[in-house]
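**Student:** Dropping in structure-v5.cif, with mmCIF, C-alpha atoms.
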data_model
#
loop_
_atom_site.label_atom_id
_atom_site.label_comp_id
_atom_site.auth_asym_id
_atom_site.auth_seq_id
_atom_site.Cartn_x
_atom_site.Cartn_y
_atom_site.Cartn_z
CA ARG A 1 264.18 149.39 154.55
CA ILE A 2 267.17 150.54 156.59
CA ASN A 3 269.08 147.95 158.56
CA ASN A 4 272.40 147.89 160.44
CA LYS A 5 274.39 147.37 157.16
CA GLY A 6 272.65 149.87 154.95
CA ILE A 7 269.52 149.82 152.80
CA GLU A 8 267.51 146.73 151.93
CA LEU A 9 265.56 147.18 148.68
CA LYS A 10 262.11 145.75 147.90
CA SER A 11 263.75 143.38 145.45
CA GLY A 12 265.67 141.82 148.35
CA SER A 13 269.08 143.12 147.25
CA ALA A 14 271.01 145.37 149.59
CA ILE A 15 273.11 148.49 149.39
CA ASN A 16 275.79 148.47 152.05
CA THR A 17 276.52 151.94 153.39
CA ASP A 18 278.67 153.61 155.99
CA VAL A 19 276.53 156.74 156.17
CA ILE A 20 273.00 157.61 155.10
CA VAL A 21 272.13 161.28 154.70
CA PHE A 22 268.46 162.18 154.88
CA ALA A 23 267.72 165.26 152.80
CA THR A 24 264.70 167.28 153.85
CA GLY A 25 264.67 169.40 150.72
CA LEU A 26 266.22 172.68 149.74
CA ASN A 27 263.97 175.64 149.00
CA LEU A 28 265.23 178.30 146.62
CA SER A 29 265.05 181.92 147.65
CA PHE A 30 266.16 184.36 144.98
CA LEU A 31 267.73 187.51 146.47
CA GLY A 32 267.32 186.00 149.95
CA LYS A 33 263.71 187.17 150.15
CA ILE A 34 264.83 190.81 150.12
CA GLN A 35 261.93 193.11 149.27
CA VAL A 36 263.02 195.25 146.33
CA SER A 37 261.36 198.36 144.97
CA VAL A 38 261.96 200.69 142.04
CA ASP A 39 260.62 204.23 142.41
CA GLY A 40 258.63 203.09 145.43
CA GLN A 41 256.91 200.24 143.57
CA PRO A 42 257.59 196.65 144.74
CA VAL A 43 259.47 194.51 142.23
CA THR A 44 259.85 190.74 142.23
CA PRO A 45 262.27 188.66 140.16
CA GLN A 46 259.43 186.64 138.66
CA GLY A 47 258.70 187.89 135.18
CA LYS A 48 262.06 189.64 134.90
CA LEU A 49 264.67 188.46 132.42
CA VAL A 50 268.32 188.06 133.29
CA TYR A 51 270.58 190.45 131.33
CA GLN A 52 274.05 189.07 130.56
CA GLY A 53 273.81 186.76 133.57
CA HIS A 54 274.12 189.50 136.20
CA MET A 55 271.30 192.07 136.00
CA LEU A 56 267.51 191.92 135.78
CA SER A 57 265.40 193.63 133.14
CA ASN A 58 264.18 197.14 134.00
CA MET A 59 265.88 197.18 137.42
CA PRO A 60 268.43 200.02 137.59
CA ASN A 61 271.80 199.56 139.31
CA ALA A 62 270.89 196.09 140.58
CA PHE A 63 273.28 193.18 140.16
CA ALA A 64 272.49 189.56 141.03
CA ILE A 65 274.67 186.62 140.04
CA GLN A 66 273.89 182.93 139.93
CA GLY A 67 276.72 180.50 139.31
CA TYR A 68 276.97 177.70 136.79
CA ILE A 69 274.97 174.52 137.31
CA ASN A 70 277.51 172.41 135.42
CA SER A 71 280.79 173.85 136.66
CA SER A 72 282.26 175.76 139.58
CA TRP A 73 279.71 178.23 140.98
CA THR A 74 282.46 180.74 141.75
CA LEU A 75 283.82 180.56 138.19
CA LYS A 76 280.71 182.35 136.89
CA VAL A 77 280.59 184.72 139.87
CA ASP A 78 284.23 185.76 139.39
CA LEU A 79 283.76 186.33 135.67
CA ALA A 80 280.54 188.31 136.19
CA CYS A 81 282.14 190.44 138.92
CA GLN A 82 284.94 191.39 136.52
CA ARG A 83 282.31 192.49 134.01
CA ILE A 84 280.40 194.45 136.66
CA VAL A 85 283.54 196.27 137.82
CA GLY A 86 284.33 197.10 134.19
CA LEU A 87 280.79 198.46 133.77
CA LEU A 88 281.09 200.60 136.91
CA ASN A 89 284.44 201.97 135.69
CA PHE A 90 282.87 202.74 132.27
CA MET A 91 280.03 204.58 134.02
CA SER A 92 282.48 206.55 136.15
CA ARG A 93 284.52 207.61 133.10
CA LYS A 94 281.36 208.74 131.27
CA GLY A 95 279.82 210.45 134.31
CA TYR A 96 276.82 208.10 134.47
CA GLN A 97 275.07 207.39 137.75
CA THR A 98 272.55 204.82 136.58
CA CYS A 99 272.41 201.88 134.22
CA CYS A 100 269.34 199.78 133.50
CA PRO A 101 268.85 196.91 131.05
CA HIS A 102 265.74 198.01 129.15
CA LEU A 103 263.23 195.45 127.96
CA ASP A 104 259.74 196.09 126.65
CA GLU A 105 257.57 193.63 128.56
CA GLY A 106 256.59 190.64 126.46
CA SER A 107 259.01 191.49 123.63
CA VAL A 108 261.28 188.46 124.26
CA LYS A 109 260.17 184.84 124.58
CA SER A 110 261.44 183.38 127.83
CA THR A 111 262.14 180.16 129.69
CA GLY A 112 263.64 179.21 133.05
CA ILE A 113 267.31 179.89 133.78
CA PHE A 114 267.98 176.44 135.22
CA THR A 115 267.34 173.32 133.17
CA LEU A 116 267.39 170.91 136.09
CA ASP A 117 264.73 168.39 137.06
CA SER A 118 265.75 168.50 140.73
CA GLY A 119 262.87 168.81 143.17
CA TYR A 120 264.17 172.03 144.69
CA VAL A 121 264.41 173.66 141.25
CA GLN A 122 260.93 172.51 140.28
CA ARG A 123 259.47 173.74 143.60
CA GLY A 124 261.18 177.12 143.41
CA SER A 125 261.27 177.88 139.69
CA HIS A 126 258.24 180.18 139.98
CA GLN A 127 260.33 182.49 142.22
CA LEU A 128 263.21 182.85 139.77
CA PRO A 129 263.77 185.27 136.91
CA GLN A 130 263.65 183.95 133.35
CA GLN A 131 266.06 183.96 130.43
CA GLY A 132 265.55 184.71 126.76
CA PHE A 133 266.69 182.46 123.97
CA VAL A 134 269.23 184.81 122.33
CA GLY A 135 271.38 187.86 122.84
CA PRO A 136 271.99 189.54 126.16
CA TRP A 137 268.89 187.86 127.63
CA LYS A 138 270.35 184.34 127.19
CA TYR A 139 271.73 182.88 130.44
CA TYR A 140 274.77 180.81 129.54
CA HIS A 141 275.95 177.86 131.61
CA SER A 142 279.28 177.95 129.81
CA PHE A 143 282.44 179.70 130.94
CA TRP A 144 283.69 180.16 127.37
CA GLN A 145 280.44 181.67 126.08
CA ASP A 146 280.36 184.08 129.03
CA PHE A 147 284.07 184.85 128.65
CA TRP A 148 283.60 185.69 124.96
CA ARG A 149 280.49 187.79 125.65
CA TYR A 150 282.04 189.72 128.54
CA LYS A 151 285.33 190.39 126.73
CA THR A 152 283.91 191.37 123.34
CA GLN A 153 280.52 193.02 123.89
CA PRO A 154 280.50 196.79 124.52
CA TYR A 155 278.91 198.13 127.69
CA ASP A 156 276.88 200.62 125.69
CA ASP A 157 275.11 197.91 123.70
CA GLY A 158 271.78 199.63 123.08
CA VAL A 159 270.07 197.52 125.76
CA LEU A 160 271.67 199.14 128.79
CA ARG A 161 270.33 202.63 129.28
CA PHE A 162 272.56 205.13 131.08
CA SER A 163 271.84 208.41 132.80
#
Go through the file and emit its structure as structure tokens.
**Tutor:**
Amino acid sequence: RINNKGIELKSGSAINTDVIVFATGLNLSFLGKIQVSVDGQPVTPQGKLVYQGHMLSNMPNAFAIQGYINSSWTLKVDLACQRIVGLLNFMSRKGYQTCCPHLDEGSVKSTGIFTLDSGYVQRGSHQLPQQGFVGPWKYYHSFWQDFWRYKTQPYDDGVLRFS
């Protein structure tokens, strides 16, 4: 129960507060509800796997970055953007116009990218892409793992297909 000093619990004890914020609930919206298509066919992030934390399986020239859940959001975004710019420069040097992380559907076991029990994650997890358990399909929530991957893995890794 809320009173003029804060919150009175069922047990009779009280929590004195200066401010109470009522949260109505956040709803996730991957890609901001943008309708995406590849070769005229609609594509949704559900069922796609995240490649190296910044692309989605079988979606050419499409980059989407989610930040860390356990550190600064922009730390991941900055690191991924450096990798993306490096990839675009690599493509320019080689004369490529398109890159696409290739994945045979069902060839990699997957799980959610966020391991949070928060209500908004649970409500929206069906809208999000998935991650694999190893390799370029694993979504790291670690700056140092991403740093190592981005600085040591070649762009032409056999997963990205260029044309």
**Student:** Select, from A:His54, A:Lys5, A:Lys138, A:Arg161, the residue with the minimum atom-to-atom distance to Leu79 of chain A, counting all atoms listed in the file.
**Tutor:**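 Closest candidate: A:His54.
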**Student:** Please expand the PyMOL selection byres ((chain A and resi 16) around 6) into the concrete residues it hits in this file, giving the result as number ranges by chain.
**Tutor:** A: 5-6, 15, 17
**Student:** List, as a tab-separated table (two decimals) with C-alpha atoms, in the frame of the given file, every residue that the PyMOL selection byres ((chain A and resi 85-88) around 10) selects in the file provided.
**Tutor:**
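Full text of out_3.tsv as output:
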chain	number	residue	atom	x	y	z
A	61	ASN	CA	271.80	199.56	139.31
A	80	ALA	CA	280.54	188.31	136.19
A	81	CYS	CA	282.14	190.44	138.92
A	82	GLN	CA	284.94	191.39	136.52
A	83	ARG	CA	282.31	192.49	134.01
A	84	ILE	CA	280.40	194.45	136.66
A	89	ASN	CA	284.44	201.97	135.69
A	90	PHE	CA	282.87	202.74	132.27
A	91	MET	CA	280.03	204.58	134.02
A	92	SER	CA	282.48	206.55	136.15
A	93	ARG	CA	284.52	207.61	133.10
A	94	LYS	CA	281.36	208.74	131.27
A	96	TYR	CA	276.82	208.10	134.47
A	97	GLN	CA	275.07	207.39	137.75
A	98	THR	CA	272.55	204.82	136.58
A	99	CYS	CA	272.41	201.88	134.22
A	150	TYR	CA	282.04	189.72	128.54
A	154	PRO	CA	280.50	196.79	124.52
A	155	TYR	CA	278.91	198.13	127.69
A	156	ASP	CA	276.88	200.62	125.69
**Student:** Go through the shown structure with the PyMOL selection byres ((chain A and resi 108) around 10) and write out the matching residues as a list in words.
**Tutor:** Leu49, Leu103, Asp104, Glu105, Gly106, Ser107, Lys109, Ser110, Thr111, Gln131, Gly132, Phe133, Val134 and Trp137 of chain A
**Student:** So which one's closest to Arg123 of chain A, A:Val77, A:Val21, A:Ile2, A:Leu26? Using all atoms listed in the file, please.
**Tutor:**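 Distance minimum relative to Arg123 of chain A lands on A:Leu26.
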**Student:** Pick from A:Gly53, A:Pro45, A:Gly112, A:Gly124: nearest to Tyr68 of chain A, with only C-alpha atoms counted?
**Tutor:** A:Gly53
**Student:** Could you tell me how far atom CA of Lys151 of chain A lies from atom CA of Gln46 of chain A, in Å and to one decimal?
**Tutor:**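 Going from atom CA of Lys151 of chain A over to atom CA of Gln46 of chain A covers 28.8 Å.
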**Student:** Provide the atom CA of Leu75 of chain A to atom CA of Leu160 of chain A distance in Å, to one decimal place.
**Tutor:** 24.1 Å
**Student:** Applying 9 Å and only C-alpha atoms, which residues near Pro136 of chain A remain after dropping the ones on its own chain fewer than 5 positions away? List them as a PyMOL selection string.
**Tutor:** chain A and resi 50-53+149+159
**Student:** Using only C-alpha atoms and a cutoff of 12 Å, can you tell me which residues are near (267.7, 174.7, 135.3) in the file's coordinates, and write them out as a ChimeraX atom specification?
**Tutor:** /A:66-70,111-126,128-131,139-141
